[in-house]
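Shown below: protein-v2.cif, with mmCIF, C-alpha atoms.
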```cif
data_upload
#
loop_
_atom_site.label_atom_id
_atom_site.label_comp_id
_atom_site.auth_asym_id
_atom_site.auth_seq_id
_atom_site.Cartn_x
_atom_site.Cartn_y
_atom_site.Cartn_z
CA MET A 1 -110.09 8.84 -53.96
CA LYS A 2 -109.02 9.52 -50.50
CA PHE A 3 -105.99 11.87 -50.12
CA ASP A 4 -103.14 10.21 -48.06
CA PHE A 5 -101.17 13.13 -46.64
CA PHE A 6 -98.77 10.83 -44.72
CA SER A 7 -97.80 8.88 -47.79
CA ILE A 8 -97.26 11.95 -49.86
CA MET A 9 -95.58 14.27 -47.38
CA ILE A 10 -94.46 12.50 -44.23
CA GLN A 11 -92.93 9.36 -45.68
CA PRO A 12 -90.50 11.21 -47.99
CA LEU A 13 -89.47 13.42 -45.09
CA PHE A 14 -88.88 10.35 -42.94
CA ILE A 15 -86.84 8.69 -45.62
CA LEU A 16 -84.76 11.87 -46.06
CA TYR A 17 -84.22 12.13 -42.31
CA THR A 18 -83.13 8.46 -42.07
CA SER A 19 -80.72 8.87 -44.94
CA LEU A 20 -79.12 11.87 -43.30
CA LEU A 21 -78.64 9.92 -40.06
CA LEU A 22 -77.02 7.06 -41.94
CA ALA A 23 -74.72 9.45 -43.73
CA ILE A 24 -73.66 11.11 -40.50
CA GLY A 25 -73.11 7.69 -38.87
CA SER A 26 -70.79 6.61 -41.64
CA CYS A 27 -68.41 9.43 -40.67
CA THR A 28 -68.23 8.30 -37.07
CA PRO A 29 -65.42 5.79 -36.20
CA LYS A 30 -66.79 2.33 -35.65
CA GLN A 31 -66.23 0.74 -32.27
CA THR A 32 -66.16 -3.01 -32.35
CA THR A 33 -64.64 -5.88 -30.39
CA THR A 34 -64.40 -8.08 -33.45
CA GLN A 35 -61.14 -8.21 -35.46
CA GLN A 36 -61.41 -6.71 -38.91
CA PRO A 37 -60.46 -8.93 -41.80
CA GLU A 38 -57.83 -6.54 -43.19
CA GLN A 39 -54.12 -7.34 -42.43
CA GLN A 40 -52.88 -6.14 -39.03
CA LYS A 41 -49.82 -3.89 -38.76
CA PRO A 42 -46.84 -5.40 -36.93
CA THR A 43 -46.52 -4.56 -33.26
CA ILE A 44 -43.46 -2.41 -32.47
CA VAL A 45 -42.15 -2.80 -28.95
CA LYS A 46 -39.95 0.10 -27.93
CA THR A 47 -37.08 -0.85 -25.61
CA ALA A 48 -34.73 1.36 -23.70
CA PRO A 49 -31.28 1.75 -25.33
CA GLU A 50 -28.78 -0.82 -24.02
CA VAL A 51 -26.52 0.61 -21.34
CA SER A 52 -23.05 -0.94 -21.23
CA LYS A 53 -22.21 -2.48 -17.91
CA PRO A 54 -19.36 -0.83 -16.00
CA LEU A 55 -15.95 -2.42 -16.30
CA GLN A 56 -14.61 -4.01 -13.11
CA THR A 57 -10.98 -5.02 -12.71
CA GLY A 58 -10.18 -8.29 -11.02
CA ALA A 59 -9.14 -6.44 -7.87
CA GLU A 60 -12.55 -4.79 -7.59
CA GLN A 61 -14.42 -8.10 -7.45
CA PHE A 62 -13.82 -8.99 -3.82
CA GLY A 63 -16.49 -11.65 -3.71
CA LEU A 64 -14.56 -13.76 -6.22
CA TYR A 65 -11.27 -13.91 -4.34
CA LEU A 66 -11.58 -12.89 -0.67
CA PRO A 67 -12.85 -16.38 0.27
CA LYS A 68 -9.64 -17.80 -1.23
CA LEU A 69 -7.57 -15.71 1.21
CA GLN A 70 -9.26 -16.74 4.45
CA GLY A 71 -6.72 -18.18 6.86
CA LYS A 72 -3.89 -17.66 4.34
CA ARG A 73 -0.65 -15.74 4.62
CA VAL A 74 -0.57 -13.46 1.61
CA GLY A 75 2.33 -12.02 -0.39
CA MET A 76 1.49 -9.05 -2.62
CA VAL A 77 3.22 -8.44 -5.97
CA VAL A 78 2.03 -4.87 -6.48
CA ASN A 79 2.99 -1.30 -7.30
CA GLN A 80 1.34 2.12 -7.62
CA THR A 81 -1.13 0.79 -10.22
CA SER A 82 -2.64 -1.70 -7.76
CA ILE A 83 -5.60 0.42 -6.77
CA VAL A 84 -9.27 -0.12 -5.98
CA GLY A 85 -11.08 3.18 -6.35
CA ASN A 86 -8.84 5.70 -4.63
CA ALA A 87 -7.19 3.21 -2.28
CA HIS A 88 -4.22 0.91 -2.70
CA LEU A 89 -5.09 -2.79 -2.76
CA VAL A 90 -2.73 -3.47 0.16
CA ASP A 91 -4.58 -0.99 2.38
CA THR A 92 -7.96 -2.28 1.21
CA LEU A 93 -7.18 -5.91 1.96
CA LEU A 94 -5.67 -5.09 5.34
CA SER A 95 -8.86 -3.23 6.25
CA ARG A 96 -10.81 -6.37 5.36
CA GLY A 97 -8.76 -8.56 7.68
CA VAL A 98 -6.48 -10.21 5.11
CA LYS A 99 -3.16 -11.32 6.60
CA ILE A 100 -0.51 -9.76 4.37
CA THR A 101 3.04 -10.76 5.28
CA THR A 102 5.18 -9.38 2.44
CA ILE A 103 5.15 -6.90 -0.42
CA PHE A 104 7.15 -7.77 -3.55
CA ALA A 105 8.03 -4.77 -5.75
CA PRO A 106 8.82 -4.87 -9.52
CA GLU A 107 10.89 -2.47 -11.64
CA HIS A 108 10.30 1.17 -10.58
CA GLY A 109 9.56 0.03 -7.00
CA PHE A 110 6.47 -0.25 -4.84
CA ARG A 111 5.50 3.39 -5.36
CA GLY A 112 6.60 3.46 -9.01
CA GLU A 113 9.12 6.27 -8.66
CA ALA A 114 12.46 4.65 -9.62
CA ASP A 115 14.12 5.22 -13.00
CA ALA A 116 13.83 2.59 -15.70
CA GLY A 117 16.49 -0.04 -15.04
CA ALA A 118 17.45 1.50 -11.70
CA TYR A 119 18.43 -0.85 -8.89
CA VAL A 120 15.57 -1.06 -6.39
CA LYS A 121 16.44 -1.83 -2.77
CA ASP A 122 14.53 -3.84 -0.19
CA ALA A 123 12.73 -1.58 2.26
CA ARG A 124 9.81 -1.31 4.66
CA ASP A 125 6.53 0.41 3.87
CA THR A 126 6.21 3.43 6.15
CA LYS A 127 2.41 3.31 6.13
CA THR A 128 1.82 -0.36 6.98
CA GLY A 129 5.20 -1.44 8.35
CA LEU A 130 5.25 -4.37 5.92
CA PRO A 131 8.59 -5.53 4.50
CA ILE A 132 9.13 -4.71 0.82
CA ILE A 133 11.26 -7.18 -1.12
CA SER A 134 12.57 -5.88 -4.44
CA LEU A 135 12.24 -8.09 -7.49
CA TYR A 136 14.42 -5.66 -9.40
CA GLY A 137 17.43 -5.68 -7.13
CA LYS A 138 19.54 -8.61 -5.89
CA ASN A 139 17.08 -11.07 -7.35
CA LYS A 140 14.31 -10.87 -9.93
CA LYS A 141 12.71 -14.09 -8.73
CA PRO A 142 11.42 -14.60 -5.16
CA LEU A 143 13.87 -16.75 -3.20
CA PRO A 144 12.66 -19.79 -1.24
CA GLU A 145 13.40 -18.09 2.09
CA GLN A 146 11.34 -15.07 0.96
CA LEU A 147 8.29 -17.30 0.56
CA THR A 148 8.45 -19.25 3.83
CA ASN A 149 5.74 -17.10 5.42
CA VAL A 150 3.56 -16.94 2.27
CA ASP A 151 0.78 -19.34 1.29
CA VAL A 152 -0.62 -17.44 -1.68
CA LEU A 153 0.82 -14.70 -3.90
CA ILE A 154 -1.39 -11.99 -5.39
CA PHE A 155 -0.21 -10.41 -8.64
CA ASP A 156 -2.02 -7.14 -9.39
CA ILE A 157 0.01 -4.86 -11.67
CA GLN A 158 -1.15 -2.87 -14.70
CA ASP A 159 0.57 -3.86 -17.96
CA VAL A 160 0.66 -1.91 -21.25
CA GLY A 161 0.73 -4.81 -23.70
CA ALA A 162 4.32 -4.68 -25.01
CA ARG A 163 6.72 -7.63 -24.75
CA PHE A 164 9.57 -5.53 -23.39
CA TYR A 165 7.55 -3.98 -20.54
CA THR A 166 9.08 -5.86 -17.63
CA TYR A 167 6.08 -6.35 -15.35
CA ILE A 168 5.17 -9.49 -17.31
CA SER A 169 8.73 -10.77 -16.80
CA THR A 170 8.27 -10.29 -13.06
CA MET A 171 5.01 -12.25 -13.30
CA HIS A 172 6.88 -15.07 -15.05
CA TYR A 173 9.43 -15.33 -12.25
CA VAL A 174 6.74 -15.13 -9.56
CA MET A 175 4.92 -18.02 -11.22
CA GLU A 176 8.16 -19.98 -11.50
CA ALA A 177 9.05 -19.48 -7.81
CA ALA A 178 5.50 -20.42 -6.82
CA ALA A 179 5.69 -23.63 -8.86
CA GLU A 180 9.00 -24.56 -7.22
CA GLN A 181 7.78 -23.81 -3.69
CA ASN A 182 4.24 -25.18 -4.14
CA LYS A 183 2.55 -21.82 -3.58
CA GLU A 184 -0.67 -20.55 -5.14
CA VAL A 185 -0.78 -17.48 -7.39
CA LEU A 186 -3.89 -15.33 -7.65
CA ILE A 187 -3.77 -13.01 -10.67
CA LEU A 188 -6.14 -10.06 -10.51
CA ASP A 189 -6.54 -9.15 -14.16
CA ARG A 190 -6.61 -5.65 -15.62
CA PRO A 191 -7.33 -4.40 -19.19
CA ASN A 192 -4.61 -4.06 -21.79
CA PRO A 193 -4.58 -0.50 -23.21
CA ASN A 194 -2.88 -1.88 -26.37
CA GLY A 195 -4.91 -5.08 -26.38
CA ASN A 196 -6.89 -4.49 -29.56
CA TYR A 197 -4.23 -5.73 -32.00
CA VAL A 198 -1.18 -7.99 -32.42
CA ASP A 199 1.97 -6.89 -34.27
CA GLY A 200 5.75 -7.01 -34.51
CA PRO A 201 8.40 -9.71 -34.77
CA VAL A 202 8.09 -12.78 -32.54
CA LEU A 203 10.97 -13.16 -30.10
CA GLU A 204 13.61 -15.73 -31.07
CA PRO A 205 14.93 -17.94 -28.21
CA GLU A 206 18.55 -16.76 -28.55
CA HIS A 207 17.46 -13.20 -27.70
CA LYS A 208 15.59 -14.08 -24.52
CA SER A 209 16.22 -11.61 -21.68
CA PHE A 210 14.35 -9.78 -18.93
CA VAL A 211 12.94 -7.43 -21.61
CA GLY A 212 11.71 -10.40 -23.62
CA MET A 213 11.12 -13.76 -21.96
CA HIS A 214 8.52 -15.37 -24.19
CA PRO A 215 8.17 -16.23 -27.90
CA ILE A 216 5.53 -13.56 -28.44
CA PRO A 217 5.45 -10.47 -30.69
CA ILE A 218 6.21 -6.94 -29.50
CA VAL A 219 2.46 -6.19 -29.27
CA HIS A 220 1.07 -9.42 -27.82
CA GLY A 221 -2.61 -8.52 -27.47
CA LEU A 222 -3.12 -10.26 -24.12
CA THR A 223 -4.01 -9.22 -20.61
CA VAL A 224 -1.66 -10.43 -17.87
CA GLY A 225 -4.23 -13.07 -16.94
CA GLU A 226 -4.37 -14.41 -20.49
CA LEU A 227 -0.57 -14.35 -20.75
CA ALA A 228 -0.24 -16.20 -17.43
CA ASN A 229 -2.48 -18.94 -18.78
CA MET A 230 -0.36 -19.07 -21.95
CA ILE A 231 2.88 -19.32 -19.95
CA ASN A 232 1.41 -22.18 -17.96
CA GLY A 233 -0.29 -23.91 -20.88
CA GLU A 234 2.77 -23.78 -23.13
CA LYS A 235 5.06 -24.81 -20.24
CA TRP A 236 7.40 -21.85 -20.63
CA LEU A 237 8.53 -21.93 -17.00
CA GLU A 238 11.87 -23.48 -16.07
CA ARG A 239 11.84 -27.28 -16.46
CA GLN A 240 8.36 -26.99 -18.00
CA GLN A 241 6.79 -26.52 -14.59
CA GLN A 242 3.24 -25.26 -14.18
CA ALA A 243 2.18 -22.94 -11.40
CA LYS A 244 -1.09 -23.22 -9.52
CA ILE A 245 -2.76 -20.04 -10.75
CA THR A 246 -6.23 -18.57 -10.51
CA VAL A 247 -7.14 -15.63 -12.73
CA ILE A 248 -9.89 -13.25 -11.62
CA PRO A 249 -11.01 -11.81 -14.99
CA VAL A 250 -12.03 -8.24 -15.71
CA ALA A 251 -15.83 -8.01 -15.78
CA ASN A 252 -17.52 -6.55 -18.88
CA TYR A 253 -14.28 -6.22 -20.85
CA ASN A 254 -13.42 -7.07 -24.44
CA HIS A 255 -10.31 -6.48 -26.55
CA SER A 256 -12.02 -3.77 -28.62
CA LEU A 257 -12.84 -1.67 -25.57
CA PRO A 258 -10.70 1.49 -25.26
CA TYR A 259 -9.18 1.79 -21.81
CA THR A 260 -7.37 4.78 -20.33
CA LEU A 261 -5.24 3.94 -17.32
CA PRO A 262 -6.24 5.72 -14.10
CA VAL A 263 -2.63 5.72 -12.83
CA LYS A 264 0.53 6.08 -14.90
CA PRO A 265 2.13 2.62 -15.03
CA SER A 266 5.72 3.92 -14.83
CA PRO A 267 7.41 7.33 -14.53
CA ASN A 268 7.98 7.79 -18.27
CA LEU A 269 4.55 6.71 -19.49
CA PRO A 270 2.54 9.65 -18.14
CA ASN A 271 -0.53 9.50 -20.38
CA GLN A 272 -2.44 7.58 -23.04
CA GLN A 273 -0.47 9.16 -25.89
CA ALA A 274 2.80 7.79 -24.51
CA ILE A 275 1.25 4.37 -23.86
CA THR A 276 -0.05 4.15 -27.43
CA LEU A 277 3.30 5.18 -28.93
CA TYR A 278 5.39 3.06 -26.55
CA PRO A 279 5.49 -0.19 -28.63
CA SER A 280 6.88 1.75 -31.62
CA LEU A 281 9.23 4.09 -29.77
CA CYS A 282 10.78 1.72 -27.24
CA LEU A 283 12.95 0.24 -30.00
CA PHE A 284 14.80 3.59 -30.01
CA GLU A 285 16.18 2.65 -26.56
CA GLY A 286 18.52 0.38 -28.54
CA THR A 287 19.79 3.32 -30.60
CA ASN A 288 21.40 6.74 -30.13
CA VAL A 289 17.98 8.46 -30.35
CA SER A 290 16.26 9.92 -27.28
CA VAL A 291 12.61 9.03 -26.61
CA GLY A 292 12.15 12.16 -24.53
CA ARG A 293 13.23 10.90 -21.12
CA GLY A 294 14.13 13.99 -19.12
CA THR A 295 11.46 16.12 -20.82
CA PRO A 296 7.81 16.82 -19.88
CA THR A 297 6.72 14.53 -22.75
CA PRO A 298 8.59 11.20 -22.58
CA PHE A 299 7.65 8.73 -25.32
CA GLN A 300 5.91 11.57 -27.14
CA VAL A 301 9.00 13.21 -28.66
CA ILE A 302 11.99 11.60 -30.36
CA GLY A 303 15.25 13.23 -31.30
CA SER A 304 19.01 13.09 -31.54
CA PRO A 305 21.94 15.46 -31.96
CA TYR A 306 22.63 13.50 -35.17
CA TYR A 307 19.28 13.93 -36.96
CA LYS A 308 19.54 15.94 -40.20
CA PHE A 309 16.38 18.02 -39.90
CA LYS A 310 16.33 20.85 -37.35
CA ASP A 311 12.72 22.08 -37.39
CA PHE A 312 11.94 20.61 -33.94
CA SER A 313 14.22 20.25 -30.93
CA PHE A 314 14.28 19.49 -27.21
CA THR A 315 16.93 19.19 -24.51
CA PRO A 316 16.75 16.31 -21.99
CA VAL A 317 17.60 17.24 -18.38
CA SER A 318 17.66 15.39 -15.09
CA THR A 319 14.10 14.87 -13.81
CA PRO A 320 12.44 12.53 -11.27
CA GLY A 321 12.20 9.16 -12.98
CA ALA A 322 14.92 10.12 -15.48
CA THR A 323 17.89 11.36 -13.49
CA ASP A 324 20.45 10.57 -16.21
CA PRO A 325 18.60 10.51 -19.54
CA PRO A 326 20.32 9.85 -22.89
CA HIS A 327 21.82 13.06 -24.40
CA LYS A 328 21.40 14.84 -21.08
CA ASN A 329 21.77 18.63 -21.54
CA GLN A 330 22.27 18.22 -25.32
CA VAL A 331 19.99 19.65 -27.98
CA CYS A 332 18.15 16.85 -29.80
CA TYR A 333 16.49 17.35 -33.18
CA GLY A 334 13.59 15.24 -34.29
CA LYS A 335 9.82 14.93 -34.15
CA ASN A 336 7.03 16.12 -31.89
CA LEU A 337 4.43 13.34 -31.52
CA THR A 338 2.29 14.92 -28.83
CA ASP A 339 -0.61 15.52 -31.24
CA PRO A 340 -3.17 12.70 -30.69
CA ALA A 341 -3.41 12.34 -34.47
CA THR A 342 0.12 10.88 -34.42
CA ALA A 343 -0.83 8.09 -32.00
CA GLN A 344 -1.00 5.07 -34.26
CA PRO A 345 -0.52 1.33 -33.78
CA PHE A 346 2.94 -0.23 -33.94
CA THR A 347 5.00 1.08 -36.85
CA LEU A 348 8.62 1.07 -38.03
CA ALA A 349 8.19 4.39 -39.85
CA TYR A 350 9.91 6.48 -37.17
CA LEU A 351 12.82 4.06 -36.80
CA LEU A 352 13.44 3.83 -40.56
CA ASP A 353 13.28 7.61 -40.90
CA PHE A 354 15.76 8.30 -38.12
CA TYR A 355 18.27 5.74 -39.38
CA LYS A 356 18.01 7.06 -42.95
CA ASN A 357 18.51 10.66 -41.78
CA SER A 358 21.18 10.05 -39.13
CA THR A 359 24.60 11.66 -39.56
CA GLN A 360 26.09 8.82 -37.46
CA GLN A 361 24.62 5.66 -38.96
CA ASP A 362 27.66 3.64 -37.88
CA LYS A 363 26.82 4.44 -34.23
CA PHE A 364 23.05 4.37 -34.57
CA PHE A 365 22.45 0.95 -32.95
CA ASN A 366 23.71 -0.33 -29.60
CA ASN A 367 23.88 -3.84 -28.11
CA PHE A 368 20.47 -3.48 -26.48
CA PHE A 369 18.64 -3.32 -29.81
CA GLU A 370 18.45 -7.08 -30.46
CA LYS A 371 17.01 -7.71 -27.00
CA LEU A 372 14.23 -5.22 -27.64
CA ALA A 373 13.56 -6.36 -31.20
CA GLY A 374 13.74 -10.03 -30.22
CA THR A 375 15.52 -10.84 -33.47
CA SER A 376 18.89 -10.13 -35.10
CA GLU A 377 17.25 -9.66 -38.50
CA LEU A 378 15.64 -6.26 -37.91
CA ARG A 379 18.93 -4.37 -37.56
CA LYS A 380 20.24 -6.03 -40.75
CA GLN A 381 17.05 -5.23 -42.64
CA ILE A 382 17.15 -1.55 -41.64
CA ILE A 383 20.82 -1.21 -42.62
CA ALA A 384 20.06 -2.91 -45.94
CA GLY A 385 17.41 -0.28 -46.72
CA LYS A 386 14.42 -2.62 -46.64
CA THR A 387 10.99 -1.02 -46.65
CA GLU A 388 8.54 -1.50 -43.80
CA ALA A 389 6.40 -3.72 -46.04
CA GLU A 390 9.38 -5.94 -46.89
CA ILE A 391 10.36 -6.21 -43.21
CA ARG A 392 6.81 -7.01 -42.15
CA ALA A 393 6.58 -9.80 -44.71
CA SER A 394 9.47 -11.57 -42.97
CA TRP A 395 7.54 -11.60 -39.66
CA GLU A 396 4.34 -13.00 -41.09
CA PRO A 397 4.82 -16.80 -40.72
CA ALA A 398 5.76 -16.63 -37.02
CA LEU A 399 3.17 -13.92 -36.37
CA ALA A 400 0.40 -16.01 -37.96
CA ASN A 401 1.34 -18.99 -35.79
CA TYR A 402 1.26 -16.82 -32.69
CA LYS A 403 -2.19 -15.43 -33.54
CA THR A 404 -3.50 -19.00 -33.75
CA LEU A 405 -1.89 -19.87 -30.41
CA ARG A 406 -3.26 -16.71 -28.78
CA LYS A 407 -6.86 -17.67 -29.50
CA LYS A 408 -6.50 -20.70 -27.18
CA TYR A 409 -5.92 -18.47 -24.17
CA LEU A 410 -8.31 -15.56 -24.68
CA LEU A 411 -10.58 -14.84 -21.71
CA TYR A 412 -12.42 -11.99 -23.46
CA PRO A 413 -14.06 -11.39 -26.88
CA ASP A 414 -11.41 -10.55 -29.45
CA ALA A 415 -11.06 -7.31 -31.39
CA GLU A 416 -11.07 -9.12 -34.74
#
```
Represent the supplied structure as structure tokens.
Amino acid sequence: MKFDFFSIMIQPLFILYTSLLLAIGSCTPKQTTTQQPEQQKPTIVKTAPEVSKPLQTGAEQFGLYLPKLQGKRVGMVVNQTSIVGNAHLVDTLLSRGVKITTIFAPEHGFRGEADAGAYVKDARDTKTGLPIISLYGKNKKPLPEQLTNVDVLIFDIQDVGARFYTYISTMHYVMEAAAEQNKEVLILDRPNPNGNYVDGPVLEPEHKSFVGMHPIPIVHGLTVGELANMINGEKWLERQQQAKITVIPVANYNHSLPYTLPVKPSPNLPNQQAITLYPSLCLFEGTNVSVGRGTPTPFQVIGSPYYKFKDFSFTPVSTPGATDPPHKNQVCYGKNLTDPATAQPFTLAYLLDFYKNSTQQDKFFNNFFEKLAGTSELRKQIIAGKTEAEIRASWEPALANYKTLRKKYLLYPDAE
């Protein structure tokens, strides 16, 4: 028999070599253009984190309102808060060729330096030469003769969201005068630093005054633009008139958005702490308790010579914006609320505490209290020793009705 060396020796070596190649190939990743039958993993698309758009006040959005001013004689209802960047709105509009004829100034004056409640005189702006007509002097409402050279009124004033803050009362009278004289009103809206909630008693008609002109709660939760629409829509102007108004909304704003004012809105609200505490503490202006006017921290300290506890004290003195403060040059005992942790939404806790611990309860309240509270019940409830919860329960029906009404006029997403 013939010996086949290839079959005996070479073929097994070939088979071994082929097997080794196959084994090595199985460890090499397969490259294929055909889809494998196994289930595909979901595709994850990575996106850049959303960047919130910058807030723009109504005044900053020139393209929305400058065309409405072309060929018009313009009256400006403004004060120190009416700024665009670092410039006053009056100066900015003049530089853009707008024909401004008159400046109307609210409480505290055009530059915001007058005391609360102080008589503000008519004047002339030294920088522009424009006449300044006070709406907190001889008249709180523009007179017909003061509007003869005005076609459109611009209202651009920063509010703080409390019913008794009088800039919204000035806006009411400006709207009323405009309705009577057939003038347009352009409202340049600004955020409400207390606009994220609604609270307090709703004003009763018999207590209507310049520190409370509308049936709204102490903390109304509206911007001035939203409130202007409510005033018009509910026909709260004299003889149920309606003004011709246009609101330029704040861009990229909602009622949950925290907002710190770039300029103090009045002499005694110097910072965010004071603005947050203001709705709660302003009720003390109807009592014998000082809210810190005449100190470096107005609306951040409260005290009285008649408070029982003596662990904190301050002495009000004459200062710019508070030349004759309550308890001037007298030591007042009370509470220091400058710590940011004390800045809470509207509460009666401070008021109830100071009445309970006053050594002169019979002289605690004055005749201004009902105007600020908007109701005659609150004084009675405090004297009767009601708790805050019991007092709040009495507000609830009117407050619930207001919250429903408010939703009709919101221009921005709500906080709730």
Applying 12 Å and only C-alpha atoms, which residues near Ile133 of chain A remain after dropping the ones on its own chain fewer than 2 positions away? List them as a PyMOL selection string.
chain A and resi 75-79+101-107+109-110+120-125+130-131+135-143+145-147
Given the PyMOL selection byres ((chain A and resi 392-398) around 10), the residues it picks as a list in words
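With the shown file as input, the PyMOL selection byres ((chain A and resi 392-398) around 10) matches Asp199, Gly200, Pro201, Val202, Leu203, Glu204, Pro215, Ile216, Pro217, Thr347, Leu348, Glu377, Leu378, Gln381, Lys386, Thr387, Glu388, Ala389, Glu390, Ile391, Leu399, Ala400, Asn401, Tyr402 and Lys403 of chain A.
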Residues returned when the PyMOL selection byres ((chain A and resi 174) around 10) runs on this file, as a VMD selection string:
chain A and resid 77 104 135 140 to 143 153 to 155 168 to 173 175 to 180 183 185 243
Expansion of the PyMOL selection byres ((chain A and resi 291-300) around 8) into residues, as a count of residues only
32
Between atom CA of Glu234 of chain A and atom CA of Leu222 of chain A, what is the distance in Å, rounded to a tenth?
14.8 Å
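Of the listed residues (A:Leu66, A:Val331, A:Ala373, A:Met230), A:Ala373 comes nearest to Ala162 of chain A; the distances count all atoms listed in the file.
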Using only C-alpha atoms, can you tell me which of A:Asn182, A:Ser280, A:Asn252, A:Gln330 comes closest to Pro54 of chain A?
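Answer, going by the shortest atom-to-atom distance: A:Asn252.
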Point-to-point distance in Å for atom CA of Arg406 of chain A and atom CA of Lys244 of chain A
20.4 Å
Can you tell me how far atom CA of Pro262 of chain A sits from atom CA of Gly161 of chain A, in Å to one decimal?
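Between these atoms lies a distance of 15.9 Å.
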So, with all atoms listed in the file as the atoms that count, which of A:Asp339, A:Ser209, A:Ile382, A:Thr375 lies closest to Asp353 of chain A?
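Nearest to Asp353 of chain A: A:Ile382.
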Within 10 Å of Lys72 of chain A, counting all atoms listed in the file, which residues show up once you throw out same-chain ones fewer than 5 positions away? Write them as a ChimeraX atom specification, please.
/A:67,98-101,149-153
Asn271 of chain A environment, 9 Å, all atoms listed in the file, sequence neighbours closer than 6 positions dropped, as a list of chain:residue names:
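Near Asn271 of chain A, the qualifying residues are A:Thr260, A:Leu261, A:Val263, A:Lys264.
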Could the centre and edge lengths of an axis-aligned box, enclosing all atoms of segment 73-79 of chain A in the file with 3 Å extra on each side, be given in Å to one decimal as lines of an AutoDock Vina configuration file?
```
center_x = 1.3
center_y = -8.5
center_z = -1.3
size_x = 9.9
size_y = 20.4
size_z = 17.9
```
